[in-house]
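Undergrad: Provided herewith: my_file-v3.txt, compact mmCIF, C-alpha atoms and all ligand atoms.
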```
# COMPACT_ATOMS: atom_id res chain seq x y z
CA MET S 174 -119.70 -58.09 75.11
CA ASP S 175 -118.28 -58.98 71.69
CA SER S 176 -117.29 -56.48 68.98
CA GLN S 177 -120.68 -56.90 67.20
CA ASP S 178 -122.55 -55.73 70.35
CA LYS S 179 -120.24 -52.72 70.63
CA VAL S 180 -121.10 -51.65 67.08
CA GLU S 181 -124.82 -51.82 67.89
CA GLU S 182 -124.32 -49.71 70.99
CA THR S 183 -123.39 -46.71 68.83
CA ILE S 184 -125.93 -44.83 66.73
CA GLU S 185 -125.07 -42.53 63.86
CA SER S 186 -127.35 -39.49 63.84
CA ARG S 187 -127.66 -36.62 61.39
CA GLU S 188 -128.33 -33.16 62.83
CA TRP S 189 -128.82 -29.61 61.52
CA TYR S 190 -126.56 -26.95 62.97
CA LEU S 191 -125.97 -23.26 62.41
CA ALA S 192 -122.79 -22.87 60.34
CA SER S 193 -123.02 -19.09 59.89
CA TYR S 194 -125.38 -16.32 60.96
CA VAL S 195 -128.13 -15.06 58.66
CA PRO S 196 -128.22 -11.26 59.02
CA GLU S 197 -130.54 -10.92 56.00
CA GLY S 198 -132.30 -13.06 53.42
CA VAL S 199 -133.69 -16.56 53.70
CA PRO S 200 -131.36 -19.15 55.30
CA THR S 201 -129.48 -21.28 52.74
CA SER S 202 -127.14 -24.27 52.81
CA ASP S 203 -124.33 -21.78 53.55
CA HIS S 204 -125.97 -21.03 56.90
CA LEU S 205 -127.54 -24.34 57.89
CA LYS S 206 -125.72 -27.62 57.42
CA LEU S 207 -126.26 -31.30 58.15
CA ARG S 208 -123.56 -33.26 59.98
CA THR S 209 -123.39 -36.72 61.46
CA SER S 210 -122.60 -37.42 65.08
CA SER S 211 -122.29 -40.65 67.04
CA ILE S 212 -124.18 -41.49 70.18
CA SER S 213 -122.89 -44.21 72.45
CA LEU S 214 -125.89 -45.88 74.03
CA ALA S 215 -123.63 -47.42 76.65
CA GLN S 216 -122.63 -43.98 77.95
CA ILE S 217 -125.86 -42.12 78.60
CA PRO S 218 -125.39 -39.79 81.60
CA ASP S 219 -127.72 -40.16 84.58
CA SER S 220 -130.97 -38.12 84.36
CA HIS S 221 -130.79 -38.24 80.54
CA VAL S 222 -132.79 -40.02 77.88
CA VAL S 223 -132.11 -40.81 74.22
CA VAL S 224 -134.89 -39.63 71.95
CA LYS S 225 -135.56 -40.51 68.35
CA ALA S 226 -137.15 -37.60 66.49
CA LEU S 227 -140.49 -38.22 64.77
CA TYR S 228 -141.88 -34.78 63.88
CA ILE S 229 -140.44 -31.27 63.95
CA SER S 230 -142.49 -28.09 63.59
CA ILE S 231 -141.20 -25.36 61.28
CA ASP S 232 -142.03 -21.93 62.66
CA PRO S 233 -140.96 -18.53 61.30
CA TYR S 234 -139.32 -17.46 64.60
CA LEU S 235 -136.53 -19.99 63.93
CA ARG S 236 -135.23 -17.67 61.23
CA ASP S 237 -135.28 -14.68 63.62
CA ILE S 238 -132.93 -16.39 66.01
CA MET S 239 -130.30 -17.05 63.36
CA THR S 240 -129.29 -13.42 62.83
CA GLY S 241 -126.56 -13.42 65.47
CA ILE S 242 -127.92 -10.10 66.77
CA ASP S 243 -128.61 -10.67 70.45
CA ASP S 244 -130.00 -7.25 71.35
CA GLY S 245 -132.31 -8.48 74.07
CA LEU S 246 -135.35 -7.39 72.07
CA TYR S 247 -136.41 -10.90 71.06
CA LEU S 248 -135.62 -14.52 71.88
CA PRO S 249 -131.99 -15.62 72.48
CA GLN S 250 -130.09 -16.41 69.28
CA PHE S 251 -128.74 -19.78 68.19
CA GLN S 252 -124.97 -19.97 68.51
CA ILE S 253 -122.60 -21.00 65.71
CA ASN S 254 -122.20 -24.80 65.64
CA GLN S 255 -125.26 -25.23 67.85
CA VAL S 256 -127.77 -27.89 66.83
CA ILE S 257 -131.02 -26.20 65.81
CA LYS S 258 -133.86 -26.71 68.27
CA ALA S 259 -137.54 -26.51 67.44
CA TYR S 260 -140.92 -27.65 68.69
CA GLY S 261 -140.92 -31.41 68.13
CA ILE S 262 -142.09 -34.89 69.02
CA GLY S 263 -140.01 -38.01 69.48
CA ARG S 264 -139.84 -41.37 71.14
CA VAL S 265 -137.65 -42.36 74.06
CA ILE S 266 -135.37 -45.24 73.07
CA ARG S 267 -133.16 -45.33 76.20
CA SER S 268 -133.80 -43.85 79.59
CA LYS S 269 -131.72 -43.07 82.63
CA GLU S 270 -134.44 -40.83 84.06
CA SER S 271 -137.00 -42.47 86.32
CA ASN S 272 -139.98 -40.46 84.99
CA PHE S 273 -139.44 -41.61 81.40
CA SER S 274 -139.46 -45.11 79.97
CA GLU S 275 -138.39 -46.57 76.67
CA GLY S 276 -141.28 -46.24 74.23
CA ASP S 277 -142.70 -43.03 75.70
CA PHE S 278 -143.78 -40.45 73.14
CA VAL S 279 -142.53 -37.03 74.18
CA LEU S 280 -142.85 -33.41 73.10
CA SER S 281 -140.65 -30.38 73.73
CA TYR S 282 -140.48 -26.76 72.63
CA ALA S 283 -136.70 -27.22 72.18
CA PHE S 284 -136.40 -30.56 70.46
CA PRO S 285 -133.03 -30.96 68.69
CA VAL S 286 -133.40 -31.14 64.89
CA ALA S 287 -131.47 -34.40 64.88
CA GLU S 288 -132.39 -37.99 64.18
CA TYR S 289 -131.34 -39.02 67.70
CA SER S 290 -130.39 -36.91 70.70
CA VAL S 291 -129.29 -37.35 74.27
CA VAL S 292 -131.31 -34.89 76.30
CA GLN S 293 -132.07 -34.00 79.88
CA PRO S 294 -135.87 -33.96 80.16
CA SER S 295 -135.96 -31.20 82.78
CA HIS S 296 -133.92 -28.87 80.55
CA LEU S 297 -136.23 -29.27 77.57
CA LEU S 298 -139.46 -29.37 79.62
CA LEU S 299 -140.01 -32.71 77.94
CA ARG S 300 -143.56 -33.96 78.45
CA LYS S 301 -145.27 -37.20 77.54
CA ILE S 302 -148.06 -37.41 75.03
CA ASP S 303 -150.56 -40.19 74.70
CA PRO S 304 -150.30 -41.93 71.30
CA ALA S 305 -153.81 -43.32 71.84
CA SER S 306 -155.31 -39.83 72.14
CA GLU S 307 -157.64 -38.64 69.37
CA ILE S 308 -155.13 -35.83 68.70
CA SER S 309 -152.68 -36.74 65.93
CA PHE S 310 -148.97 -36.03 66.32
CA ALA S 311 -149.23 -33.40 63.57
CA ASP S 312 -152.05 -31.70 65.47
CA TYR S 313 -149.92 -31.62 68.62
CA LEU S 314 -147.55 -29.44 66.60
CA SER S 315 -150.20 -27.27 64.91
CA THR S 316 -153.57 -26.87 66.65
CA LEU S 317 -152.05 -27.69 70.06
CA GLY S 318 -148.60 -26.35 69.22
CA PRO S 319 -147.04 -22.89 68.84
CA ALA S 320 -149.26 -21.79 65.93
CA GLY S 321 -152.55 -22.82 67.56
CA PHE S 322 -151.43 -21.36 70.88
CA ALA S 323 -150.41 -18.06 69.26
CA ALA S 324 -153.83 -17.91 67.57
CA TRP S 325 -155.66 -18.69 70.80
CA VAL S 326 -153.68 -16.13 72.83
CA ALA S 327 -154.40 -13.44 70.21
CA ILE S 328 -158.11 -14.17 69.91
CA GLU S 329 -159.09 -15.50 73.33
CA ALA S 330 -156.58 -14.18 75.84
CA ILE S 331 -155.70 -10.73 74.45
CA GLY S 332 -158.09 -9.61 71.73
CA ASN S 333 -161.42 -11.19 72.60
CA PRO S 334 -163.18 -9.51 69.66
CA LYS S 335 -166.91 -9.07 70.19
CA GLN S 336 -169.63 -10.83 68.24
CA GLY S 337 -170.22 -9.00 64.96
CA SER S 338 -166.78 -7.31 64.97
CA ASN S 339 -165.01 -6.88 61.65
CA VAL S 340 -161.86 -8.96 61.99
CA PHE S 341 -158.90 -8.94 59.60
CA ILE S 342 -156.10 -11.55 59.72
CA SER S 343 -152.98 -11.48 57.53
CA ALA S 344 -150.92 -14.57 56.54
CA ALA S 345 -154.31 -16.15 57.10
CA ALA S 346 -153.48 -19.49 55.48
CA GLY S 347 -150.45 -20.06 57.75
CA GLY S 348 -150.52 -22.06 60.96
CA VAL S 349 -151.56 -19.09 63.12
CA GLY S 350 -154.01 -17.57 60.65
CA ILE S 351 -155.97 -20.75 59.94
CA HIS S 352 -156.63 -21.30 63.65
CA ALA S 353 -157.21 -17.63 64.48
CA GLY S 354 -159.85 -17.31 61.76
CA GLN S 355 -161.78 -20.30 63.03
CA LEU S 356 -161.60 -19.04 66.65
CA ALA S 357 -162.86 -15.60 65.60
CA LYS S 358 -165.72 -17.23 63.67
CA LEU S 359 -166.66 -19.20 66.81
CA LYS S 360 -167.03 -15.81 68.52
CA GLY S 361 -169.46 -14.69 65.83
CA CYS S 362 -167.10 -12.20 64.15
CA HIS S 363 -167.07 -11.29 60.47
CA VAL S 364 -163.64 -12.57 59.42
CA ILE S 365 -161.59 -11.67 56.33
CA GLY S 366 -158.08 -12.96 55.60
CA SER S 367 -155.27 -11.99 53.27
CA THR S 368 -152.93 -14.48 51.69
CA GLY S 369 -150.54 -14.94 48.75
CA SER S 370 -152.43 -17.07 46.20
CA ASP S 371 -155.91 -17.76 44.83
CA GLU S 372 -155.59 -21.38 45.92
CA LYS S 373 -155.08 -20.23 49.50
CA VAL S 374 -158.05 -17.84 49.22
CA LYS S 375 -160.18 -20.87 48.35
CA LEU S 376 -158.72 -22.81 51.28
CA LEU S 377 -159.57 -20.01 53.70
CA LYS S 378 -163.21 -20.07 52.66
CA GLU S 379 -163.22 -23.84 53.24
CA PHE S 380 -161.87 -23.14 56.74
CA GLY S 381 -164.78 -20.81 57.51
CA TYR S 382 -163.41 -17.38 56.65
CA ASP S 383 -166.25 -15.17 55.39
CA ASP S 384 -163.97 -14.02 52.61
CA ALA S 385 -160.30 -13.58 51.73
CA PHE S 386 -158.13 -11.82 49.17
CA ASN S 387 -154.86 -12.50 47.40
CA TYR S 388 -152.59 -9.58 48.28
CA ASN S 389 -150.38 -10.37 45.28
CA SER S 390 -153.17 -9.76 42.79
CA SER S 391 -154.89 -6.85 44.58
CA GLU S 392 -154.62 -3.47 42.90
CA SER S 393 -153.33 -2.14 46.24
CA TYR S 394 -153.69 -3.18 49.87
CA ASP S 395 -155.75 -0.04 50.44
CA ALA S 396 -158.11 -0.90 47.59
CA ALA S 397 -158.55 -4.46 48.87
CA LEU S 398 -159.29 -3.28 52.42
CA SER S 399 -161.79 -0.69 51.11
CA LYS S 400 -163.56 -3.47 49.22
CA TYR S 401 -163.61 -6.06 52.01
CA PHE S 402 -164.15 -3.66 54.93
CA PRO S 403 -166.70 -1.06 53.78
CA ASN S 404 -167.55 -0.61 57.48
CA GLY S 405 -163.94 -0.49 58.69
CA ILE S 406 -161.77 -2.87 60.74
CA ASP S 407 -162.42 -3.43 64.45
CA PHE S 408 -159.75 -6.02 65.11
CA TYR S 409 -156.56 -6.84 63.20
CA LEU S 410 -154.32 -9.82 63.91
CA ASP S 411 -151.05 -8.84 62.26
CA ASN S 412 -148.79 -11.65 61.11
CA VAL S 413 -146.93 -9.76 58.39
CA GLY S 414 -146.23 -6.14 59.43
CA GLY S 415 -144.86 -3.68 56.86
CA LYS S 416 -147.08 -2.25 54.13
CA MET S 417 -150.11 -4.31 55.19
CA LEU S 418 -149.99 -2.90 58.72
CA GLU S 419 -149.73 0.58 57.26
CA ALA S 420 -152.73 -0.02 54.98
CA VAL S 421 -154.78 -1.38 57.89
CA LEU S 422 -154.23 1.86 59.82
CA ASN S 423 -156.07 3.68 57.02
CA HIS S 424 -159.17 1.49 57.60
CA VAL S 425 -159.47 1.21 61.36
CA ASN S 426 -162.63 2.03 63.26
CA ARG S 427 -162.64 4.05 66.45
CA LYS S 428 -161.17 2.02 69.35
CA ALA S 429 -159.92 -0.66 66.98
CA HIS S 430 -157.56 -3.21 68.47
CA ILE S 431 -154.43 -4.37 66.64
CA VAL S 432 -152.66 -7.41 68.02
CA LEU S 433 -149.13 -7.85 66.69
CA CYS S 434 -148.29 -11.53 66.45
CA GLY S 435 -145.56 -11.42 63.83
CA MET S 436 -144.09 -9.41 60.96
CA ILE S 437 -142.94 -12.05 58.53
CA SER S 438 -142.64 -9.59 55.63
CA GLN S 439 -139.79 -7.93 57.54
CA TYR S 440 -137.81 -10.86 58.95
CA ASN S 441 -135.35 -11.18 56.08
CA LYS S 442 -134.29 -7.53 56.16
CA VAL S 443 -131.84 -5.79 58.47
CA TRP S 444 -133.81 -3.41 60.66
CA THR S 445 -132.66 -0.25 58.91
CA GLU S 446 -134.12 -1.61 55.63
CA ARG S 447 -137.49 -2.55 57.14
CA ASP S 448 -140.68 -0.70 56.20
CA GLY S 449 -141.55 2.22 58.40
CA ILE S 450 -145.24 2.77 59.24
CA ARG S 451 -146.00 6.33 58.14
CA ASN S 452 -149.54 6.73 59.42
CA LEU S 453 -149.29 5.88 63.11
CA LEU S 454 -151.00 9.24 63.63
CA ASN S 455 -154.26 7.50 62.70
CA MET S 456 -153.99 5.60 65.97
CA ILE S 457 -154.48 8.82 67.87
CA GLY S 458 -157.47 10.08 65.92
CA LYS S 459 -159.15 6.68 66.06
CA GLU S 460 -157.93 5.88 69.59
CA VAL S 461 -156.48 2.57 68.41
CA LYS S 462 -154.81 0.12 70.75
CA MET S 463 -151.85 -1.80 69.32
CA GLU S 464 -149.99 -4.44 71.31
CA GLY S 465 -147.42 -7.13 70.66
CA TYR S 466 -147.17 -10.39 72.55
CA MET S 467 -145.04 -13.51 72.91
CA VAL S 468 -146.73 -16.85 73.48
CA GLY S 469 -143.99 -17.67 76.00
CA SER S 470 -145.54 -15.11 78.34
CA PHE S 471 -148.79 -17.08 78.37
CA VAL S 472 -147.53 -20.51 79.41
CA HIS S 473 -149.67 -20.17 82.55
CA ARG S 474 -152.69 -20.29 80.19
CA PHE S 475 -151.46 -23.33 78.23
CA GLY S 476 -153.72 -25.70 80.19
CA ASP S 477 -156.84 -23.61 79.42
CA PHE S 478 -155.80 -23.39 75.78
CA ALA S 479 -155.12 -27.12 75.39
CA LYS S 480 -158.42 -28.07 77.03
CA GLU S 481 -160.43 -25.69 74.86
CA MET S 482 -158.68 -26.55 71.60
CA GLU S 483 -158.89 -30.31 72.24
CA THR S 484 -162.60 -29.94 72.85
CA TYR S 485 -163.09 -27.87 69.68
CA LYS S 486 -161.01 -30.38 67.75
CA LYS S 487 -163.06 -33.34 68.98
CA GLN S 488 -166.29 -31.45 68.25
CA GLY S 489 -165.08 -30.74 64.73
CA LYS S 490 -165.22 -26.96 65.35
CA ILE S 491 -161.51 -26.42 64.68
CA SER S 492 -159.55 -28.19 61.99
CA SER S 493 -156.02 -27.85 60.75
CA LYS S 494 -154.07 -28.08 57.55
CA HIS S 495 -150.57 -29.53 57.46
CA VAL S 496 -147.81 -29.61 54.89
CA LEU S 497 -145.59 -32.60 55.60
CA TYR S 498 -141.96 -32.64 54.44
CA ASN S 499 -140.24 -36.00 54.58
CA GLY S 500 -136.90 -36.71 56.18
CA ILE S 501 -134.42 -34.69 58.21
CA GLU S 502 -132.75 -33.52 54.98
CA SER S 503 -135.91 -31.55 54.09
CA PHE S 504 -135.58 -29.16 57.06
CA LEU S 505 -133.96 -26.37 55.04
CA ASP S 506 -136.56 -26.58 52.25
CA GLY S 507 -139.34 -26.64 54.83
CA LEU S 508 -137.97 -23.52 56.51
CA GLY S 509 -137.57 -21.75 53.16
CA SER S 510 -141.16 -22.57 52.19
CA VAL S 511 -142.69 -20.32 54.85
CA PHE S 512 -140.82 -17.33 53.39
CA SER S 513 -141.62 -18.11 49.76
CA SER S 514 -145.32 -18.43 50.66
CA SER S 515 -145.35 -21.90 49.09
CA ASN S 516 -146.77 -23.54 52.23
CA MET S 517 -150.51 -24.07 52.66
CA GLY S 518 -150.93 -24.52 56.40
CA LYS S 519 -148.56 -25.64 59.12
CA VAL S 520 -145.20 -26.94 57.92
CA ILE S 521 -144.01 -30.10 59.66
CA ILE S 522 -140.97 -32.30 59.04
CA GLN S 523 -141.80 -35.98 59.33
CA PHE S 524 -138.79 -38.18 59.97
CA ASN S 525 -138.53 -41.21 57.74
CA SER S 526 -137.36 -43.62 60.39
CA LYS S 527 -139.96 -45.87 61.98
CA ALA S 528 -140.63 -45.23 65.67
N1 LIG S 601 -145.78 -13.66 68.87
C1 LIG S 601 -145.64 -14.96 68.98
O1 LIG S 601 -145.43 -15.49 70.08
C2 LIG S 601 -145.75 -15.82 67.75
C3 LIG S 601 -145.95 -17.21 67.82
C4 LIG S 601 -146.11 -17.94 66.64
C5 LIG S 601 -146.02 -17.28 65.41
N2 LIG S 601 -145.79 -15.94 65.39
C6 LIG S 601 -145.74 -15.19 64.13
O2 LIG S 601 -146.96 -15.37 63.47
C7 LIG S 601 -146.76 -15.22 62.07
C8 LIG S 601 -147.41 -16.38 61.34
O3 LIG S 601 -146.78 -17.58 61.77
P1 LIG S 601 -147.28 -18.98 61.20
O4 LIG S 601 -146.80 -20.03 62.12
O5 LIG S 601 -148.71 -18.91 60.87
O6 LIG S 601 -146.46 -19.04 59.84
P2 LIG S 601 -146.50 -20.11 58.69
O7 LIG S 601 -147.54 -21.12 58.87
O8 LIG S 601 -145.12 -20.57 58.56
O9 LIG S 601 -146.89 -19.23 57.44
C9 LIG S 601 -146.18 -18.10 57.13
C10 LIG S 601 -146.90 -17.42 55.99
O10 LIG S 601 -146.51 -16.06 55.96
C11 LIG S 601 -146.72 -15.56 54.67
N3 LIG S 601 -145.58 -14.76 54.21
C12 LIG S 601 -144.30 -15.16 54.03
N4 LIG S 601 -143.54 -14.14 53.60
C13 LIG S 601 -144.37 -13.07 53.48
C14 LIG S 601 -144.19 -11.72 53.06
N5 LIG S 601 -142.99 -11.26 52.69
N6 LIG S 601 -145.27 -10.90 53.05
C15 LIG S 601 -146.49 -11.35 53.44
N7 LIG S 601 -146.72 -12.61 53.83
C16 LIG S 601 -145.67 -13.46 53.87
C17 LIG S 601 -146.88 -16.76 53.73
O11 LIG S 601 -148.24 -16.91 53.34
P3 LIG S 601 -148.92 -16.01 52.19
O12 LIG S 601 -149.34 -16.95 51.12
O13 LIG S 601 -150.05 -15.36 52.88
O14 LIG S 601 -147.88 -15.05 51.68
C18 LIG S 601 -146.53 -17.94 54.62
O15 LIG S 601 -147.23 -19.07 54.28
C19 LIG S 601 -145.27 -15.11 61.84
O16 LIG S 601 -144.94 -13.75 61.68
C20 LIG S 601 -144.70 -15.65 63.13
O17 LIG S 601 -143.43 -15.13 63.40
C21 LIG S 601 -145.66 -15.20 66.52
```
Any chance you could put this one into C-alpha cells?
Ligand SMILES: NC(=O)c1ccc[n+]([C@@H]2O[C@H](COP(=O)([O-])OP(=O)(O)OC[C@H]3O[C@@H](n4cnc5c(N)ncnc54)[C@H](OP(=O)(O)O)[C@@H]3O)[C@@H](O)[C@H]2O)c1

TA:
Amino acid sequence: MDSQDKVEETIESREWYLASYVPEGVPTSDHLKLRTSSISLAQIPDSHVVVKALYISIDPYLRDIMTGIDDGLYLPQFQINQVIKAYGIGRVIRSKESNFSEGDFVLSYAFPVAEYSVVQPSHLLLRKIDPASEISFADYLSTLGPAGFAAWVAIEAIGNPKQGSNVFISAAAGGVGIHAGQLAKLKGCHVIGSTGSDEKVKLLKEFGYDDAFNYNSSESYDAALSKYFPNGIDFYLDNVGGKMLEAVLNHVNRKAHIVLCGMISQYNKVWTERDGIRNLLNMIGKEVKMEGYMVGSFVHRFGDFAKEMETYKKQGKISSKHVLYNGIESFLDGLGSVFSSSNMGKVIIQFNSKA
C-alpha cells in the first residue's frame, strides 16, 4: 500500500459533543460544540460498521438530557465530551458485521450526530430500512419515528378517545401534535389545537384539525378554551405543561383523560422555577385521570404502530410536515428552533454529503 492509499483510508469527520451542561435556558455554542475526529478505515474492530449520517431527527428530549442532573426521574443524561446521539438514518460504508453490508441504509434511536461513525449495530439497535419503500427517509424520522410513535401511543395505545369526544392538543403544529390531531380525527373526534402563530393555525386546519388558536394572541388561555370548548374538554394531549395545563383543568368534563406527553414550556427552567399547577383539585371534582408516558415503554407495540401508520400514509390518511436544516453545522440552530417556536413541523437535519 503506498502513502496515497493510506491517506484515503482515513476519514475526517465532524461531530457534535456536549462541552458543558445546560442547567437552564436553550443550549448555545457554549454548551454544544463541533470537533473533527479521524476514522481509520483500516482499523475497524470486528462486529462494527462505519456509517455515514444522512438524516438526524431533532427532538425536544435531547435538551432534557443535557442538564447534567441524573436524578433517575427521566432518561440518562449525556456526559461531558460525549458525542450527541439522536434518532437518525445513515448508510453503511464499511462493515465487519455479517448482518450488514456496505450500501445498507440503517436507522437507530441513538445515531451519533457525526458525519461518520464507527458503531456496533447491536448496541444501537441498528436496523435496515428499504430505500425502495414508499416511505421517505424524512417520514421514517417523523411519521414512523419518535414523534409519530409518541402521537400513536397517546391516541391509540393509551387515550383511545371515543368518537365525538372533544379533544385538545397543545404544541399541535409540532411533530407529535400534527400526527396526534390526524389520528384523533380518524377516530371521529372533534379536535382543536393550540400553537404559537397564525401561520401554524392555518397549517393545522390544512392537516384536518377542526380548529386551532394562537396562544400568543389569545386574551388568556382560559378565554381561548372557553371559546373553543363550550362543551368542555374530554381528552387533552399535553405537550407543553405549565399555564396551559392549568387552564385546561378549568375546562375539563367529568371523567376527562389527560395524557402527559411533554412539557416543553418548562424544559429550560430549573425545577424550582417551573410553573406549579394550582387547580389540581379540579381533578377530584371532575374525576379526571392524568397519566404520563414514555414511548420507550411501548417498544413492544412498535410493530403495530409501524404497520398502521404505513398503511395510513399509503392511503393518504396521515401526512407529515418537515422542516429540513442542511448540514451537520445546522444542528444547534435546528435544536434551538423547537424552543423558539420557529419550526413548522418535524425538524430534521439533512447532511450535505451524498450517500
Ligand atoms: N413522552 C414521550 O415519550 C415523548 C416522545 C416524543 C415527544 N415528547 C414530547 O412531546 C412534546 C412535543 O414534541 P414534538 O416532537 O412535537 O416537538 P417539536 O416538533 O420539536 O415542536 C415543539 C413545539 O413546541 C412548542 N413550544 C416550544 N416552546 C414552547 C413554550 N415555551 N410554550 C409553549 N409551546 C412551546 C413550539 O410550537 P408553538 O408554535 O406551538 O409554540 C414548538 O414548535 C415535547 O414536549 C416532547 O418533549 C414526549

Undergrad: Name each residue within 7 Å of ligand LIG 601 (chain S), counting only C-alpha atoms and all ligand atoms, as a PyMOL selection string.

TA: chain S and resi 231-234+319-320+323+343-350+367-370+373+412-413+434-439+465-469+511-520

Undergrad: Determine, counting only C-alpha atoms, which protein, DNA and RNA residues have an atom within 12 Å of an atom of Gly337 (chain S); residues of the same chain fewer than 3 positions away are not included. Present the result as a list in words.

TA: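 Everything that qualifies: Asn333, Pro334, Val340, Ala357, Lys358, Leu359, Lys360, Gly361, Cys362, His363, Val364, Asn404, Ile406, Asp407 and Phe408 of chain S.
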
Undergrad: With distances taken over only C-alpha atoms, which of S:Ser230, S:Thr183, S:Ser193, S:Ser213 is nearest to Ser315 (chain S)?

TA: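 So, comparing all the options, the nearest one is S:Ser230.
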
Undergrad: Find, counting only C-alpha atoms, the residue in S:Pro249, S:Gly381, S:Gly263, S:Pro200 that gets nearest to Ala311 (chain S).

TA: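 With only C-alpha atoms as the atom set, the closest residue is S:Gly263.
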
Undergrad: At a cut-off of 6 Å, using all atoms listed in the file, what residues contact region 297-299 of chain S? Leave out same-chain residues fewer than 2 positions from it and give the result as a VMD selection string.

TA: chain S and resid 280 to 281 283 294 to 295

Undergrad: Write the residues of the preceding selection, restricted to C-alpha atoms, as a CSV table (one decimal), in the coordinates of the input.

TA:
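Final output, saved to selection-v3.csv:
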```csv
chain,number,residue,atom,x,y,z
S,280,LEU,CA,-142.8,-33.4,73.1
S,281,SER,CA,-140.6,-30.4,73.7
S,283,ALA,CA,-136.7,-27.2,72.2
S,294,PRO,CA,-135.9,-34.0,80.2
S,295,SER,CA,-136.0,-31.2,82.8
```

Undergrad: Using all atoms of region 194-209 of chain S that appear in the file, construct an axis-aligned enclosing box with 5 Å of padding on every side and provide its centre coordinates and edge lengths in Å, rounded to one decimal, as lines of an AutoDock Vina configuration file.

TA:
```
center_x = -128.5
center_y = -23.8
center_z = 57.1
size_x = 20.3
size_y = 35.8
size_z = 18.7
```

Undergrad: Kindly indicate which residue among S:Ser492, S:Asn387, S:Asn525, S:Asn499 lies nearest to Ser309 (chain S), using only C-alpha atoms for the distances.

TA: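 For Ser309 (chain S), the nearest of the candidates is S:Ser492.
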
Undergrad: Go through S:Leu453, S:Ala324, S:Ile266, S:Ile522 and flag the residue nearest Phe504 (chain S), using all atoms listed in the file for the distances.

TA: S:Ile522

Undergrad: I want to know what sits within 12 Å of Lys459 (chain S), based on all atoms listed in the file, with residues of the same chain fewer than 4 positions away left out; could you give that as a list of chain:residue names?

TA: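 Near neighbours after the sequence-gap exclusion: S:Gly405, S:Ile406, S:Asp407, S:Leu422, S:Asn423, S:His424, S:Val425, S:Asn426, S:Arg427, S:Lys428, S:Ala429, S:His430, S:Asn452, S:Leu453, S:Leu454, S:Asn455, S:Met463.
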
Undergrad: Interatomic distance between CA of Asp411 (chain S) and CA of Leu235 (chain S)?

TA: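 Between CA of Asp411 (chain S) and CA of Leu235 (chain S) the gap works out to 18.4 Å.
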
Undergrad: Do a neighbour search on Arg267 (chain S) at 9 Å with only C-alpha atoms, toss out local chain neighbours closer than 6 positions, and write the hits as a VMD selection string.

TA: chain S and resid 214 217 221 to 224 273 to 276

Undergrad: Please return as a ChimeraX atom specification every residue within 9 Å of (-122.8, -17.0, 62.6), taking into account all atoms listed in the file and the file's own coordinates.

TA: /S:191-196,204,239-241,251-254

Undergrad: Mind pulling up the distance from CA of Ser390 (chain S) to CA of Ser510 (chain S)?

TA: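 Separating CA of Ser510 (chain S) from CA of Ser390 (chain S) is a distance of 19.9 Å.
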
Undergrad: If I take CA of Lys462 (chain S) and CA of Leu433 (chain S), how far is one from the other in Å, to one decimal?

TA: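 Separating CA of Lys462 (chain S) from CA of Leu433 (chain S) is a distance of 10.6 Å.
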
Undergrad: Which residues are close to Ser210 (chain S), i.e. within 8 Å by all atoms listed in the file, leaving aside same-chain residues fewer than 3 positions away? Reply as a list of chain:residue names.

TA: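 Residues near the query, excluding close chain neighbours: S:Glu185, S:Ser186, S:Arg187, S:Glu188.
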
Undergrad: Would you please work out which residue, of S:Val443, S:Glu392, S:Gln250, S:Asp448, is nearest to Lys416 (chain S) when using only C-alpha atoms?

TA: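 Nearest to Lys416 (chain S): S:Asp448.
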
Undergrad: Quick one: of S:Arg208, S:Lys486, S:Arg447, S:Lys335, who's nearest to Gly321 (chain S), counting all atoms listed in the file?

TA: S:Lys486

Undergrad: So which residues are close to (-152.6, -30.9, 61.6), meaning at most 7 Å away in the file's coordinates with all atoms listed in the file counted, and can you show them as an MDAnalysis selection string?

TA: chainID S and resid 311:312 315:316 493:495
